[in-house]
Amino acid sequence: MKIKVIFFIAAIFLIVLTSVLYVNLQDEPEKMMLYHQKNQQLKSEKVQIAEDHSLIVQQHALWKLLNRDIRNFTEKYGEPDRKDPSIYGFEWWIYRSENKYVQVAVKDEQLVSMYTNSGELDFQPIKIGQTVEEINELYPFEKEIEFDQIRFQLTEDDLKERPVIKLNENIYAQLYVDQYTEKLAGIRVLNKEVLEVMKPYELYYWGELKETEEPNEEEKMAMEKGMEQQIFDLTNIIRQHHQLSTLEWDEHAAVAAKTHSKDMQEENYFSHYSLNGDGLKERLVDADAYYLSAGENIAAHYVDAPAVIHGWLNSEGHRDALLKEEYTHLGVGVYQSFYTQNFIEK
C-alpha cells in the first residue's frame, strides 16, 4: 500500500513538473521574438537621418547625375535648345529658358560636367547666391588639388575668385565668386577627366596627361560660334539677375568683334586699339554698325565662355559694360582663345 501511494505521489509530481516546463518553453519563443523586435526597432532608430542632413539634402542634387547616362538628365529636363561643340572632347548641351540656364557636357552618352549661374537649379549643398563664408563653413578651400598623376596649384586670386572643392572621390566643383558681392555667381561641376583636360589652374604632373585631338578649321569655327552664343546668353542672364533689360544680338557689332579678336591673335597683341591705331569707333564704322553709344570688353586665354564671363564680372570696367543700363544690343566675336564683346546703344 505504501508503495502504491509513493508511485501515485511521484506520478502527480512528474505531471506538474512537465506542465511547468511546457509552459516555460511555450513562453520562451515569445520573449525571444519580442527581444528581436526591440533590437530591430533600436537599429531602425539608429539609422534614421535628420531631414537637413547633407545626405538627404544632396540626394536630388543635379551634380549627382555626373558620370551617369545622359538619359537620366533628359528624362527630367528634355532635349536641349542647342548643342555646341567644345575643344575638350565633349559636347555642350545648352538649356536656356526665361529663368534657367545650364550647360551640360556630354561625352560618349555620359554627363561629365555641368555649369550654371541660375539659382533655381538644385546643386545642394551649394547654391547660387550663397556667401563665400557660408560655403567655406561646409567645404575648405584648398590651395592644392591632387589626384592620380597631377597636382593643381591655386593662386591667391584663384582662391578668391574661383576656388575648387571636392564633392566626392571623382567630382569637383569650381565656384565662381562675385568679388563685388562676395556671393556665388556661378558653379561648374566636373569629373577628374574634364578637370585634367581643361587645366584651369597651374598644373604639375608626372607621366602622361590626357589630351584632346586638335580640331580642324571647320570644327574650330563651330566651336567659336558656340562660345559666342554662350557669352551672349550668359550676359543676358547676368543682366536679368541685376534687374536690367536683356540685349538683342547685333550682327554688325559681332563682325567688328570677330575682326578684332582675330587681329589680336594673328598680330600677337592685346589691346582695345589695333596696331594701326584704330579703336572701337573705327571698327564699328567699318562693320556698318550704327549706334548712339558703344563699349567693348576683351579677354584672352580663358578656358571657355563661362570662365571669361566671370573674369569680366570681377573686373570693374568690364563689369560696368556688362551692366550698363543704356545698352540695347550686343555682338560677340571669338577667335581661338581671344574674346571680344561689342555693346551698342541704338
# chains A, B, ... in the order shown; residues from 1 in each chain; ligands from 1
call {"tool": "select_by_dssp", "arguments": {"residues": "range 72-207 of chain A", "states": "helix (DSSP H, G or I)", "output": "PDB file with all heavy atoms, in the first residue's frame"}}
result
ATOM      1  N   ASN A  72      19.425  60.102 -67.890  1.00  0.00           N
ATOM      2  CA  ASN A  72      18.947  60.436 -66.554  1.00  0.00           C
ATOM      3  C   ASN A  72      18.639  61.924 -66.432  1.00  0.00           C
ATOM      4  O   ASN A  72      17.774  62.314 -65.637  1.00  0.00           O
ATOM      5  CB  ASN A  72      19.995  60.044 -65.497  1.00  0.00           C
ATOM      6  CG  ASN A  72      20.154  58.552 -65.364  1.00  0.00           C
ATOM      7  OD1 ASN A  72      19.266  57.863 -64.885  1.00  0.00           O
ATOM      8  ND2 ASN A  72      21.291  58.032 -65.828  1.00  0.00           N
ATOM      9  N   PHE A  73      19.347  62.733 -67.212  1.00  0.00           N
ATOM     10  CA  PHE A  73      19.104  64.172 -67.222  1.00  0.00           C
ATOM     11  C   PHE A  73      17.944  64.532 -68.159  1.00  0.00           C
ATOM     12  O   PHE A  73      17.053  65.300 -67.794  1.00  0.00           O
ATOM     13  CB  PHE A  73      20.374  64.917 -67.648  1.00  0.00           C
ATOM     14  CG  PHE A  73      20.275  66.412 -67.520  1.00  0.00           C
ATOM     15  CD1 PHE A  73      20.639  67.050 -66.346  1.00  0.00           C
ATOM     16  CD2 PHE A  73      19.826  67.200 -68.582  1.00  0.00           C
ATOM     17  CE1 PHE A  73      20.541  68.431 -66.229  1.00  0.00           C
ATOM     18  CE2 PHE A  73      19.735  68.565 -68.471  1.00  0.00           C
ATOM     19  CZ  PHE A  73      20.097  69.192 -67.285  1.00  0.00           C
ATOM     20  N   THR A  74      17.961  63.968 -69.362  1.00  0.00           N
ATOM     21  CA  THR A  74      16.935  64.334 -70.350  1.00  0.00           C
ATOM     22  C   THR A  74      15.552  63.829 -69.949  1.00  0.00           C
ATOM     23  O   THR A  74      14.546  64.419 -70.357  1.00  0.00           O
ATOM     24  CB  THR A  74      17.292  63.787 -71.742  1.00  0.00           C
ATOM     25  OG1 THR A  74      17.467  62.360 -71.666  1.00  0.00           O
ATOM     26  CG2 THR A  74      18.578  64.424 -72.258  1.00  0.00           C
ATOM     27  N   GLU A  75      15.475  62.781 -69.155  1.00  0.00           N
ATOM     28  CA  GLU A  75      14.170  62.321 -68.683  1.00  0.00           C
ATOM     29  C   GLU A  75      13.472  63.394 -67.849  1.00  0.00           C
ATOM     30  O   GLU A  75      12.248  63.473 -67.834  1.00  0.00           O
ATOM     31  CB  GLU A  75      14.336  61.046 -67.849  1.00  0.00           C
ATOM     32  CG  GLU A  75      14.575  59.799 -68.696  1.00  0.00           C
ATOM     33  CD  GLU A  75      14.908  58.583 -67.849  1.00  0.00           C
ATOM     34  OE1 GLU A  75      14.892  58.708 -66.597  1.00  0.00           O
ATOM     35  OE2 GLU A  75      15.199  57.513 -68.425  1.00  0.00           O
ATOM     36  N   LYS A  76      14.250  64.222 -67.191  1.00  0.00           N
ATOM     37  CA  LYS A  76      13.676  65.274 -66.348  1.00  0.00           C
ATOM     38  C   LYS A  76      13.596  66.616 -67.067  1.00  0.00           C
ATOM     39  O   LYS A  76      12.620  67.351 -66.922  1.00  0.00           O
ATOM     40  CB  LYS A  76      14.509  65.422 -65.064  1.00  0.00           C
ATOM     41  CG  LYS A  76      13.938  66.440 -64.094  1.00  0.00           C
ATOM     42  CD  LYS A  76      14.702  66.446 -62.778  1.00  0.00           C
ATOM     43  CE  LYS A  76      14.080  67.429 -61.789  1.00  0.00           C
ATOM     44  NZ  LYS A  76      14.804  67.443 -60.489  1.00  0.00           N
ATOM     45  N   TYR A  77      14.615  66.938 -67.882  1.00  0.00           N
ATOM     46  CA  TYR A  77      14.700  68.274 -68.475  1.00  0.00           C
ATOM     47  C   TYR A  77      14.478  68.296 -69.983  1.00  0.00           C
ATOM     48  O   TYR A  77      14.465  69.368 -70.595  1.00  0.00           O
ATOM     49  CB  TYR A  77      16.058  68.904 -68.141  1.00  0.00           C
ATOM     50  CG  TYR A  77      16.213  69.188 -66.664  1.00  0.00           C
ATOM     51  CD1 TYR A  77      16.900  68.301 -65.838  1.00  0.00           C
ATOM     52  CD2 TYR A  77      15.660  70.321 -66.087  1.00  0.00           C
ATOM     53  CE1 TYR A  77      17.031  68.545 -64.479  1.00  0.00           C
ATOM     54  CE2 TYR A  77      15.786  70.579 -64.727  1.00  0.00           C
ATOM     55  CZ  TYR A  77      16.475  69.686 -63.936  1.00  0.00           C
ATOM     56  OH  TYR A  77      16.598  69.916 -62.584  1.00  0.00           O
ATOM     57  N   VAL A 132      30.479  83.498 -49.576  1.00  0.00           N
ATOM     58  CA  VAL A 132      31.724  82.721 -49.504  1.00  0.00           C
ATOM     59  C   VAL A 132      31.892  82.123 -48.111  1.00  0.00           C
ATOM     60  O   VAL A 132      32.318  80.977 -47.951  1.00  0.00           O
ATOM     61  CB  VAL A 132      32.931  83.613 -49.847  1.00  0.00           C
ATOM     62  CG1 VAL A 132      34.236  82.855 -49.672  1.00  0.00           C
ATOM     63  CG2 VAL A 132      32.820  84.142 -51.272  1.00  0.00           C
ATOM     64  N   GLU A 133      31.509  82.894 -47.116  1.00  0.00           N
ATOM     65  CA  GLU A 133      31.636  82.434 -45.734  1.00  0.00           C
ATOM     66  C   GLU A 133      30.787  81.193 -45.484  1.00  0.00           C
ATOM     67  O   GLU A 133      31.235  80.222 -44.854  1.00  0.00           O
ATOM     68  CB  GLU A 133      31.188  83.568 -44.791  1.00  0.00           C
ATOM     69  CG  GLU A 133      31.804  83.502 -43.408  1.00  0.00           C
ATOM     70  CD  GLU A 133      31.486  84.745 -42.602  1.00  0.00           C
ATOM     71  OE1 GLU A 133      31.907  85.848 -43.010  1.00  0.00           O
ATOM     72  OE2 GLU A 133      30.804  84.594 -41.584  1.00  0.00           O
ATOM     73  N   GLU A 134      29.557  81.201 -45.986  1.00  0.00           N
ATOM     74  CA  GLU A 134      28.671  80.051 -45.803  1.00  0.00           C
ATOM     75  C   GLU A 134      29.226  78.797 -46.471  1.00  0.00           C
ATOM     76  O   GLU A 134      29.175  77.704 -45.906  1.00  0.00           O
ATOM     77  CB  GLU A 134      27.286  80.372 -46.378  1.00  0.00           C
ATOM     78  CG  GLU A 134      26.504  81.402 -45.574  1.00  0.00           C
ATOM     79  CD  GLU A 134      25.237  81.837 -46.287  1.00  0.00           C
ATOM     80  OE1 GLU A 134      25.164  81.733 -47.530  1.00  0.00           O
ATOM     81  OE2 GLU A 134      24.315  82.303 -45.583  1.00  0.00           O
ATOM     82  N   ILE A 135      29.765  78.967 -47.670  1.00  0.00           N
ATOM     83  CA  ILE A 135      30.306  77.818 -48.393  1.00  0.00           C
ATOM     84  C   ILE A 135      31.552  77.281 -47.695  1.00  0.00           C
ATOM     85  O   ILE A 135      31.745  76.068 -47.575  1.00  0.00           O
ATOM     86  CB  ILE A 135      30.626  78.198 -49.849  1.00  0.00           C
ATOM     87  CG1 ILE A 135      29.354  78.624 -50.582  1.00  0.00           C
ATOM     88  CG2 ILE A 135      31.289  77.040 -50.584  1.00  0.00           C
ATOM     89  CD1 ILE A 135      29.597  79.232 -51.946  1.00  0.00           C
ATOM     90  N   ASN A 136      32.383  78.195 -47.221  1.00  0.00           N
ATOM     91  CA  ASN A 136      33.635  77.786 -46.577  1.00  0.00           C
ATOM     92  C   ASN A 136      33.393  77.054 -45.267  1.00  0.00           C
ATOM     93  O   ASN A 136      34.248  76.280 -44.804  1.00  0.00           O
ATOM     94  CB  ASN A 136      34.511  79.016 -46.332  1.00  0.00           C
ATOM     95  CG  ASN A 136      35.996  78.688 -46.454  1.00  0.00           C
ATOM     96  OD1 ASN A 136      36.369  77.545 -46.666  1.00  0.00           O
ATOM     97  ND2 ASN A 136      36.827  79.689 -46.311  1.00  0.00           N
ATOM     98  N   GLU A 137      32.245  77.258 -44.667  1.00  0.00           N
ATOM     99  CA  GLU A 137      31.893  76.504 -43.468  1.00  0.00           C
ATOM    100  C   GLU A 137      31.598  75.046 -43.810  1.00  0.00           C
ATOM    101  O   GLU A 137      31.771  74.149 -42.983  1.00  0.00           O
ATOM    102  CB  GLU A 137      30.680  77.134 -42.785  1.00  0.00           C
ATOM    103  CG  GLU A 137      30.998  78.444 -42.070  1.00  0.00           C
ATOM    104  CD  GLU A 137      29.762  79.071 -41.453  1.00  0.00           C
ATOM    105  OE1 GLU A 137      28.658  78.473 -41.587  1.00  0.00           O
ATOM    106  OE2 GLU A 137      29.879  80.142 -40.839  1.00  0.00           O
ATOM    107  N   LEU A 138      31.123  74.819 -45.040  1.00  0.00           N
ATOM    108  CA  LEU A 138      30.801  73.462 -45.485  1.00  0.00           C
ATOM    109  C   LEU A 138      32.009  72.746 -46.062  1.00  0.00           C
ATOM    110  O   LEU A 138      32.201  71.549 -45.849  1.00  0.00           O
ATOM    111  CB  LEU A 138      29.688  73.509 -46.540  1.00  0.00           C
ATOM    112  CG  LEU A 138      28.337  74.056 -46.103  1.00  0.00           C
ATOM    113  CD1 LEU A 138      27.431  74.243 -47.315  1.00  0.00           C
ATOM    114  CD2 LEU A 138      27.685  73.110 -45.099  1.00  0.00           C
ATOM    115  N   GLU A 156      46.432  82.947 -55.008  1.00  0.00           N
ATOM    116  CA  GLU A 156      45.562  83.693 -54.094  1.00  0.00           C
ATOM    117  C   GLU A 156      44.338  84.233 -54.838  1.00  0.00           C
ATOM    118  O   GLU A 156      43.227  84.253 -54.295  1.00  0.00           O
ATOM    119  CB  GLU A 156      46.342  84.834 -53.427  1.00  0.00           C
ATOM    120  CG  GLU A 156      47.380  84.377 -52.425  1.00  0.00           C
ATOM    121  CD  GLU A 156      46.778  83.563 -51.285  1.00  0.00           C
ATOM    122  OE1 GLU A 156      45.689  83.950 -50.796  1.00  0.00           O
ATOM    123  OE2 GLU A 156      47.386  82.554 -50.894  1.00  0.00           O
ATOM    124  N   ASP A 157      44.545  84.695 -56.073  1.00  0.00           N
ATOM    125  CA  ASP A 157      43.409  85.169 -56.868  1.00  0.00           C
ATOM    126  C   ASP A 157      42.442  84.023 -57.181  1.00  0.00           C
ATOM    127  O   ASP A 157      41.221  84.217 -57.171  1.00  0.00           O
ATOM    128  CB  ASP A 157      43.892  85.808 -58.176  1.00  0.00           C
ATOM    129  CG  ASP A 157      44.493  87.183 -57.955  1.00  0.00           C
ATOM    130  OD1 ASP A 157      44.220  87.797 -56.900  1.00  0.00           O
ATOM    131  OD2 ASP A 157      45.239  87.650 -58.835  1.00  0.00           O
ATOM    132  N   ASP A 158      42.985  82.847 -57.470  1.00  0.00           N
ATOM    133  CA  ASP A 158      42.137  81.680 -57.711  1.00  0.00           C
ATOM    134  C   ASP A 158      41.255  81.395 -56.497  1.00  0.00           C
ATOM    135  O   ASP A 158      40.055  81.140 -56.626  1.00  0.00           O
ATOM    136  CB  ASP A 158      42.977  80.440 -58.010  1.00  0.00           C
ATOM    137  CG  ASP A 158      43.675  80.490 -59.357  1.00  0.00           C
ATOM    138  OD1 ASP A 158      43.168  81.183 -60.263  1.00  0.00           O
ATOM    139  OD2 ASP A 158      44.724  79.848 -59.498  1.00  0.00           O
ATOM    140  N   LEU A 159      41.857  81.424 -55.319  1.00  0.00           N
ATOM    141  CA  LEU A 159      41.121  81.114 -54.097  1.00  0.00           C
ATOM    142  C   LEU A 159      40.030  82.135 -53.817  1.00  0.00           C
ATOM    143  O   LEU A 159      38.988  81.802 -53.248  1.00  0.00           O
ATOM    144  CB  LEU A 159      42.083  81.042 -52.906  1.00  0.00           C
ATOM    145  CG  LEU A 159      43.020  79.827 -52.881  1.00  0.00           C
ATOM    146  CD1 LEU A 159      44.086  79.995 -51.811  1.00  0.00           C
ATOM    147  CD2 LEU A 159      42.228  78.551 -52.654  1.00  0.00           C
ATOM    148  N   LYS A 160      40.236  83.373 -54.231  1.00  0.00           N
ATOM    149  CA  LYS A 160      39.229  84.409 -54.019  1.00  0.00           C
ATOM    150  C   LYS A 160      38.128  84.365 -55.069  1.00  0.00           C
ATOM    151  O   LYS A 160      36.950  84.547 -54.759  1.00  0.00           O
ATOM    152  CB  LYS A 160      39.889  85.795 -54.035  1.00  0.00           C
ATOM    153  CG  LYS A 160      40.706  86.118 -52.801  1.00  0.00           C
ATOM    154  CD  LYS A 160      41.074  87.582 -52.736  1.00  0.00           C
ATOM    155  CE  LYS A 160      41.878  88.023 -53.963  1.00  0.00           C
ATOM    156  NZ  LYS A 160      42.271  89.452 -53.890  1.00  0.00           N
ATOM    157  N   GLU A 161      38.521  84.150 -56.332  1.00  0.00           N
ATOM    158  CA  GLU A 161      37.566  84.285 -57.430  1.00  0.00           C
ATOM    159  C   GLU A 161      36.963  82.976 -57.913  1.00  0.00           C
ATOM    160  O   GLU A 161      35.813  82.947 -58.355  1.00  0.00           O
ATOM    161  CB  GLU A 161      38.243  84.986 -58.614  1.00  0.00           C
ATOM    162  CG  GLU A 161      38.688  86.401 -58.306  1.00  0.00           C
ATOM    163  CD  GLU A 161      39.314  87.081 -59.508  1.00  0.00           C
ATOM    164  OE1 GLU A 161      39.147  86.572 -60.637  1.00  0.00           O
ATOM    165  OE2 GLU A 161      39.968  88.125 -59.325  1.00  0.00           O
ATOM    166  N   LYS A 192      37.098  64.171 -62.781  1.00  0.00           N
ATOM    167  CA  LYS A 192      38.557  64.321 -62.813  1.00  0.00           C
ATOM    168  C   LYS A 192      39.091  64.419 -64.241  1.00  0.00           C
ATOM    169  O   LYS A 192      40.022  65.174 -64.504  1.00  0.00           O
ATOM    170  CB  LYS A 192      39.215  63.154 -62.082  1.00  0.00           C
ATOM    171  CG  LYS A 192      38.970  63.142 -60.586  1.00  0.00           C
ATOM    172  CD  LYS A 192      39.895  62.190 -59.845  1.00  0.00           C
ATOM    173  CE  LYS A 192      39.632  60.758 -60.170  1.00  0.00           C
ATOM    174  NZ  LYS A 192      40.411  59.831 -59.312  1.00  0.00           N
ATOM    175  N   GLU A 193      38.495  63.682 -65.158  1.00  0.00           N
ATOM    176  CA  GLU A 193      38.975  63.699 -66.538  1.00  0.00           C
ATOM    177  C   GLU A 193      38.799  65.073 -67.172  1.00  0.00           C
ATOM    178  O   GLU A 193      39.710  65.589 -67.825  1.00  0.00           O
ATOM    179  CB  GLU A 193      38.234  62.648 -67.372  1.00  0.00           C
ATOM    180  CG  GLU A 193      38.695  62.590 -68.818  1.00  0.00           C
ATOM    181  CD  GLU A 193      37.921  61.578 -69.649  1.00  0.00           C
ATOM    182  OE1 GLU A 193      37.139  60.801 -69.072  1.00  0.00           O
ATOM    183  OE2 GLU A 193      38.104  61.567 -70.878  1.00  0.00           O
ATOM    184  N   VAL A 194      37.637  65.693 -66.953  1.00  0.00           N
ATOM    185  CA  VAL A 194      37.396  67.030 -67.519  1.00  0.00           C
ATOM    186  C   VAL A 194      38.306  68.054 -66.856  1.00  0.00           C
ATOM    187  O   VAL A 194      38.862  68.939 -67.521  1.00  0.00           O
ATOM    188  CB  VAL A 194      35.918  67.424 -67.353  1.00  0.00           C
ATOM    189  CG1 VAL A 194      35.691  68.867 -67.811  1.00  0.00           C
ATOM    190  CG2 VAL A 194      35.016  66.478 -68.155  1.00  0.00           C
ATOM    191  N   LEU A 195      38.488  67.949 -65.559  1.00  0.00           N
ATOM    192  CA  LEU A 195      39.393  68.863 -64.857  1.00  0.00           C
ATOM    193  C   LEU A 195      40.802  68.758 -65.428  1.00  0.00           C
ATOM    194  O   LEU A 195      41.503  69.763 -65.602  1.00  0.00           O
ATOM    195  CB  LEU A 195      39.393  68.531 -63.362  1.00  0.00           C
ATOM    196  CG  LEU A 195      40.132  69.484 -62.424  1.00  0.00           C
ATOM    197  CD1 LEU A 195      39.609  70.900 -62.527  1.00  0.00           C
ATOM    198  CD2 LEU A 195      40.027  68.984 -60.980  1.00  0.00           C
ATOM    199  N   GLU A 196      41.213  67.548 -65.751  1.00  0.00           N
ATOM    200  CA  GLU A 196      42.552  67.333 -66.294  1.00  0.00           C
ATOM    201  C   GLU A 196      42.706  67.929 -67.690  1.00  0.00           C
ATOM    202  O   GLU A 196      43.711  68.579 -67.981  1.00  0.00           O
ATOM    203  CB  GLU A 196      42.871  65.840 -66.328  1.00  0.00           C
ATOM    204  CG  GLU A 196      44.269  65.515 -66.826  1.00  0.00           C
ATOM    205  CD  GLU A 196      44.600  64.036 -66.731  1.00  0.00           C
ATOM    206  OE1 GLU A 196      43.875  63.286 -66.041  1.00  0.00           O
ATOM    207  OE2 GLU A 196      45.611  63.629 -67.338  1.00  0.00           O
ATOM    208  N   VAL A 197      41.718  67.732 -68.570  1.00  0.00           N
ATOM    209  CA  VAL A 197      41.873  68.219 -69.946  1.00  0.00           C
ATOM    210  C   VAL A 197      41.661  69.731 -70.040  1.00  0.00           C
ATOM    211  O   VAL A 197      42.242  70.397 -70.904  1.00  0.00           O
ATOM    212  CB  VAL A 197      40.927  67.493 -70.928  1.00  0.00           C
ATOM    213  CG1 VAL A 197      41.255  66.024 -70.992  1.00  0.00           C
ATOM    214  CG2 VAL A 197      39.470  67.717 -70.598  1.00  0.00           C
ATOM    215  N   MET A 198      40.859  70.319 -69.127  1.00  0.00           N
ATOM    216  CA  MET A 198      40.635  71.774 -69.168  1.00  0.00           C
ATOM    217  C   MET A 198      41.822  72.547 -68.587  1.00  0.00           C
ATOM    218  O   MET A 198      42.081  73.676 -68.983  1.00  0.00           O
ATOM    219  CB  MET A 198      39.348  72.135 -68.426  1.00  0.00           C
ATOM    220  CG  MET A 198      38.087  71.673 -69.123  1.00  0.00           C
ATOM    221  SD  MET A 198      36.573  72.332 -68.371  1.00  0.00           S
ATOM    222  CE  MET A 198      36.608  74.004 -69.003  1.00  0.00           C
TER     223      MET A 198
END
call {"tool": "residues_around", "arguments": {"residues": "Asp81 in chain A", "least_positions_apart": "5", "cutoff": "9 Å", "atoms": "only C-alpha atoms", "output": "PDB file with N, CA and C atoms, in the first residue's frame"}}
result
ATOM      1  N   TRP A  93      25.545  70.698 -74.175  1.00  0.00           N
ATOM      2  CA  TRP A  93      24.108  70.755 -74.401  1.00  0.00           C
ATOM      3  C   TRP A  93      23.588  71.964 -73.640  1.00  0.00           C
ATOM      4  N   ILE A  94      22.969  72.888 -74.365  1.00  0.00           N
ATOM      5  CA  ILE A  94      22.549  74.166 -73.782  1.00  0.00           C
ATOM      6  C   ILE A  94      21.056  74.149 -73.502  1.00  0.00           C
ATOM      7  N   TYR A  95      20.706  74.425 -72.243  1.00  0.00           N
ATOM      8  CA  TYR A  95      19.306  74.546 -71.823  1.00  0.00           C
ATOM      9  C   TYR A  95      19.084  75.997 -71.404  1.00  0.00           C
ATOM     10  N   ARG A  96      18.211  76.664 -72.141  1.00  0.00           N
ATOM     11  CA  ARG A  96      18.009  78.102 -71.925  1.00  0.00           C
ATOM     12  C   ARG A  96      16.522  78.403 -71.844  1.00  0.00           C
ATOM     13  N   SER A  97      16.097  78.965 -70.729  1.00  0.00           N
ATOM     14  CA  SER A  97      14.718  79.421 -70.593  1.00  0.00           C
ATOM     15  C   SER A  97      14.741  80.774 -69.914  1.00  0.00           C
TER      16      SER A  97
END
call {"tool": "residues_around", "arguments": {"residues": "range 309-324 of chain A", "least_positions_apart": "6", "cutoff": "9 Å", "atoms": "only C-alpha atoms", "output": "list in words"}}
result
Glu161, Tyr176, Val177, Asp178, Gln179, Tyr180, Ala185, Gly186, Ile231, Leu234, Thr235, Asn236, Ile238, Arg239, His242, Leu244, Gly295, Glu296, Asn297, Ile298, Ala299, Tyr302 and Phe343 of chain A
call {"tool": "residues_around", "arguments": {"residues": "range 64-68 of chain A", "least_positions_apart": "4", "cutoff": "6 Å", "atoms": "only C-alpha atoms", "output": "ChimeraX atom specification"}}
result
/A:110-112
call {"tool": "atom_distance", "arguments": {"atom1": "CA of Glu326 in chain A", "atom2": "CA of Ala289 in chain A"}}
result
16.7 Å
call {"tool": "residues_around", "arguments": {"residues": "range 248-256 of chain A", "least_positions_apart": "5", "cutoff": "6 Å", "atoms": "only C-alpha atoms", "output": "ChimeraX atom specification"}}
result
/A:283-284,287,289,329-333,342
call {"tool": "closest_residue", "arguments": {"among": "A:Arg82, A:Lys127, A:Lys220, A:Lys346", "to": "Ile187 in chain A", "atoms": "only C-alpha atoms"}}
result
A:Lys127
call {"tool": "closest_residue", "arguments": {"among": "A:Ser261, A:Ser113, A:Asn191, A:Gln229", "to": "Tyr335 in chain A", "atoms": "only C-alpha atoms"}}
result
A:Ser261
call {"tool": "select_by_dssp", "arguments": {"residues": "range 102-249 of chain A", "states": "strand (DSSP E or B)", "output": "PyMOL selection string"}}
result
chain A and resi 102-107+110-116+123+126+131+144-147+150-153+164-168+171-178+183-191+202-205+248-249
